[in-house]
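Undergrad: Attaching a single structure in structure tokens format; questions to follow.
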Amino acid sequence: MYRLETINNSNLNFINEFNITNEYKEELIDICTNKNIFKKLLLGKNIKYIKSEQKYIGFLWYSKLQYQVYKIHCIKFIPEYSTFEYYKEVFRFFDSCNSIIISENNNLNANLLIDLGFSIERAIIEMGREISSYEEFNIDENISFTTFKDGKDEKYRCLIQNIVFDSANRQSIDEDDIIYEKYQNYYIPEGCIFMKCKGVHIGYGQLIKKDAKIYIANFGVLPEYRGKGYGKKLLKYIVNLAHDLGSNKIYLKCDKKNMEAVNLYICEGFKTIDTYYEYKKDNIDSF
């Protein structure tokens, strides 16, 4: 019924056939108009035009996040081909994956995915805020902040993260995972922060750089220390650190069901930018 064709100079202008309104518009335009041919082809390798009988009828833009997990940035057909059967055919491209992550701004009808056999596993909120000035907070003589030290603090980070993020949706980490992370492009060594209470490690959070944006990641306080305002102090400290590093905006992602964390972020001025839904398919052979 169709075939997928990689973006190239001859089909580049076809993207203008679509009224793309989601958050990826600027990034997509940058990829398609980049004057560096090598960079254009490298960045555009996951943009596939959908072609039927020598006619371009749509496009698919995706990323592979990890093994059997894909993120669909955008998928669109021209109106006369925007039917269940065509979407079903295109989703055969993902028939071996375990999860598909799709933005709420993607304009893809959720009922379509449900009809294709997918169900929502979880929802992740992306939030952001401006950093216009230094955040003031009350000093507590029992609380201190320290930067992660190689060869010394790996066990503390594993302990905190594995307790804070103990769920079926997130795998436990070990010291090898932390060592591996240090060599990734997103890693900011001075952005890895512990919170201590009377010298005991009780919380952790870090800054990472992704797509030229600064994000807060792996943020949390141990359960027995919650409800005391420590999470707010840690958050303010990390926001101030981002300010010191020259960032005027900061972002984070959070499970939509984690209302304790969501309310903390809202209280500190963060606003929802987008919501990402993770869809899972019980039977990947049902297409």
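The way I read the labels, and the way they are meant: chains A, B, ... in the order of the structure tokens, residue 1 as the first residue of every chain, and ligand 1 as the first ligand shown, with later ones counted on from there.
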Can you tell me, as a list in words, what residues are no more than 10 Å from Lys232 (chain A) when counting only C-alpha atoms, ignoring any on the same chain fewer than 6 positions away?

TA: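 In the requested format, the answer is Phe137, Val221, Arg226, Ile238, Ala261, Leu264, Tyr265, Cys267 and Glu268 of chain A.
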
Undergrad: I want to know what sits within 12 Å of region 138-143 of chain A, based on only C-alpha atoms, with residues of the same chain fewer than 5 positions away left out; could you give that as a list in words?

TA: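 Answer for this query is Phe194, Met195, Lys196, Cys197, Lys198, Gly199, Val200, His201, Ile202, Gly203, Tyr225, Lys228, Gly229, Tyr230, Gly231, Lys232, Lys233, Leu234, Lys236 and Tyr237 of chain A.
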
Undergrad: Hey, what's within 7 Å of Ile102 (chain A) if we count only C-alpha atoms and toss same-chain stuff fewer than 2 positions away? As a PyMOL selection string, please?

TA: chain A and resi 71-73+100+104+106+276-278

Undergrad: Report, in Å to a single decimal, how far apart CA of Ile57 (chain A) and CA of Tyr81 (chain A) are.

TA: 6.7 Å

Undergrad: Identify all residues of region 209-266 of chain A in helix (DSSP H, G or I) (DSSP on the backbone) and supply them as a list of chain:residue names.

TA: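 Taking region 209-266 of chain A and keeping helix (DSSP H, G or I) gives A:Pro223, A:Glu224, A:Tyr225, A:Tyr230, A:Gly231, A:Lys232, A:Lys233, A:Leu234, A:Leu235, A:Lys236, A:Tyr237, A:Ile238, A:Val239, A:Asn240, A:Leu241, A:Ala242, A:His243, A:Asp244, A:Met259, A:Glu260, A:Ala261, A:Val262, A:Asn263, A:Leu264, A:Tyr265, A:Ile266.
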
Undergrad: Run DSSP on the backbone of this structure and report the residues of region 102-284 of chain A it assigns to strand (DSSP E or B), as a ChimeraX atom specification.

TA: /A:102-103,118-130,143-147,167,170,187-197,200-210,213-221,249-255,271-281

Undergrad: Report, in Å to a single decimal, how far apart CA of Asp177 (chain A) and CA of Tyr62 (chain A) are.

TA: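 Computing it gives 25.6 Å between the two atoms.
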
Undergrad: When you count only C-alpha atoms, which of these residues is closest to Leu108 (chain A): A:Thr146, A:Leu60, A:Lys281, A:Glu130?

TA: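 The answer is A:Leu60, which sits nearest to Leu108 (chain A).
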
Undergrad: So that I can check the surroundings of Cys192 (chain A), please list as a PyMOL selection string every protein, DNA and RNA residue that reaches within 7 Å of it, counting only C-alpha atoms and ignoring chain neighbours fewer than 2 positions away.

TA: chain A and resi 147-148+189-190+205-207

Undergrad: Dump C-alpha atoms for the selected residues as a compact mmCIF listing (two decimals), in the first residue's frame?

TA:
# COMPACT_ATOMS: atom_id res chain seq x y z
CA THR A 147 28.52 18.03 44.57
CA PHE A 148 28.84 14.38 43.50
CA PRO A 189 29.62 17.12 36.35
CA GLU A 190 29.08 20.22 38.47
CA GLY A 205 19.02 16.00 41.79
CA GLN A 206 21.06 16.94 38.74
CA LEU A 207 21.20 19.20 35.73
